[in-house]
Amino acid sequence: MRETFAATVNEAMDEDPRTAVVLADISAGMFRRSALEYPGRVINLGIREQAMIDVAGGLALTGMRPIAHSYAPFLIERPFEQIKIGLGHQDVGAILVSIGGSYDAAEEGRTHQAPEDVAVLDTLPGWTVRVPGHPDEVRDALEQDIPGDHRVYLRLSGTSNRAALPVQPRLHVVRTGSPRSAGVVLAVGPMLDRTLEATADLDVTVAYTSTVRPFDREGLGALTAAAGNADVLLVEPYLRGTSAHEVSEALADRRHRQLSLGVPRDAELRAYGTPAEHARAHGLDTEGIAKSAREFFLV
């Protein structure tokens, strides 16, 4: 996903004179050619993430389309005040592109992990949040968002599904359950493949989205109505329950149950390791999702 992001943005630099890249050292080498050709439009501020966001806001005020990039904790958590004021309060647009996901850089320790990023950004209005599940979805998202002026968070991951799906505001149905199915499973971004495998023996509808904000409340309501059961299992690759309030709003007019899977809120994993080991510890591998799904739907 990271390579696709860089290639797509470098192409946009050639084609759209509004496009600018603001960096804090991370991935600077991937934009070396553009920096040589467009020195005023590729700005590397060093490890000054707060300044990176404010520079992006300043560029946006001049009519540019800034793309700021770093690891998720450095891009969202560290400069949150600048995101709130320099972009949101000024009502200007930018595209924030993170790498690292929740625990892709688990070997670097907690400083490089940010399972809270989407939940933190969700406290601010007016953001489009994309969580692609395949490199081709990264390209599609950027091609949709670079021409605009809105605020976008594009969350890249080292984990990918086998195939790309459309980047759209509507939920995409991947597997349809029977009219008497147990309910609906919604998988976000890179969680799709393992969720499909985990629920293969259950009579459920499985839907997918890589656009979590704005959330397709209408689409979820329609899927639960067609399923004959309004129970929803939500599988997100970041903090557990981040979109639980969206599910509640979507189904406020009917009785329903919901279960959210994600990185736990009640305990911090104080360990290094691999992304696969962290997924297993959080119950976000195929076996963990399957266990939670069976316990939820087969009651």
# chains A, B, ... in the order shown; residues from 1 in each chain; ligands from 1
$ residues_around --residues "Thr111 in chain A" --least-positions-apart "3" --cutoff "10 Å" --atoms "only C-alpha atoms" --output "ChimeraX atom specification"
/A:71-74,105-106,108,114
$ write_last_selection --atoms "N, CA and C atoms" --output "PDB file, in the first residue's frame"
ATOM      1  N   TYR A  71       3.897   7.967  10.102  1.00  0.00           N
ATOM      2  CA  TYR A  71       3.281   6.890  10.868  1.00  0.00           C
ATOM      3  C   TYR A  71       2.052   7.435  11.593  1.00  0.00           C
ATOM      4  N   ALA A  72       1.069   6.579  11.793  1.00  0.00           N
ATOM      5  CA  ALA A  72      -0.210   7.016  12.356  1.00  0.00           C
ATOM      6  C   ALA A  72      -0.084   7.775  13.674  1.00  0.00           C
ATOM      7  N   PRO A  73       0.709   7.315  14.650  1.00  0.00           N
ATOM      8  CA  PRO A  73       0.766   8.077  15.906  1.00  0.00           C
ATOM      9  C   PRO A  73       1.395   9.450  15.748  1.00  0.00           C
ATOM     10  N   PHE A  74       2.302   9.598  14.782  1.00  0.00           N
ATOM     11  CA  PHE A  74       2.956  10.886  14.560  1.00  0.00           C
ATOM     12  C   PHE A  74       2.088  11.812  13.711  1.00  0.00           C
ATOM     13  N   ALA A 105       4.016  -1.965  12.984  1.00  0.00           N
ATOM     14  CA  ALA A 105       5.386  -1.750  13.455  1.00  0.00           C
ATOM     15  C   ALA A 105       5.524  -2.196  14.909  1.00  0.00           C
ATOM     16  N   ALA A 106       4.942  -3.346  15.217  1.00  0.00           N
ATOM     17  CA  ALA A 106       4.964  -3.835  16.597  1.00  0.00           C
ATOM     18  C   ALA A 106       6.377  -4.028  17.116  1.00  0.00           C
ATOM     19  N   GLU A 108       8.739  -2.081  16.764  1.00  0.00           N
ATOM     20  CA  GLU A 108       9.265  -0.789  17.194  1.00  0.00           C
ATOM     21  C   GLU A 108       8.728  -0.371  18.561  1.00  0.00           C
ATOM     22  N   ALA A 114      -0.839   2.878  16.794  1.00  0.00           N
ATOM     23  CA  ALA A 114      -1.923   3.852  16.972  1.00  0.00           C
ATOM     24  C   ALA A 114      -3.284   3.230  16.684  1.00  0.00           C
TER      25      ALA A 114
END
$ select_by_dssp --residues "range 42-180 of chain A" --states "strand (DSSP E or B)" --output "list in words"
Val42, Ile43, Asn44, Arg65, Pro66, Ile67, Ala68, His69, Ser70, Tyr71, Ala94, Ile95, Leu96, Val97, Ser98, Ile99, Trp127, Thr128, Val129, Arg130, Arg151, Val152, Tyr153, Leu154, Arg155, His172, Val173, Val174 and Arg175 of chain A
$ closest_residue --among "A:Thr19, A:Ser27, A:Thr159, A:Thr62" --to "Pro275 in chain A" --atoms "only C-alpha atoms"
A:Thr159
$ atom_distance --atom1 "CA of Gln113 in chain A" --atom2 "CA of Val97 in chain A"
14.9 Å
$ select_by_dssp --residues "range 55-193 of chain A" --states "helix (DSSP H, G or I)" --output "PyMOL selection string"
chain A and resi 55-61+72-77+80-89+106-108+110-112+117-121+135-145+189-193
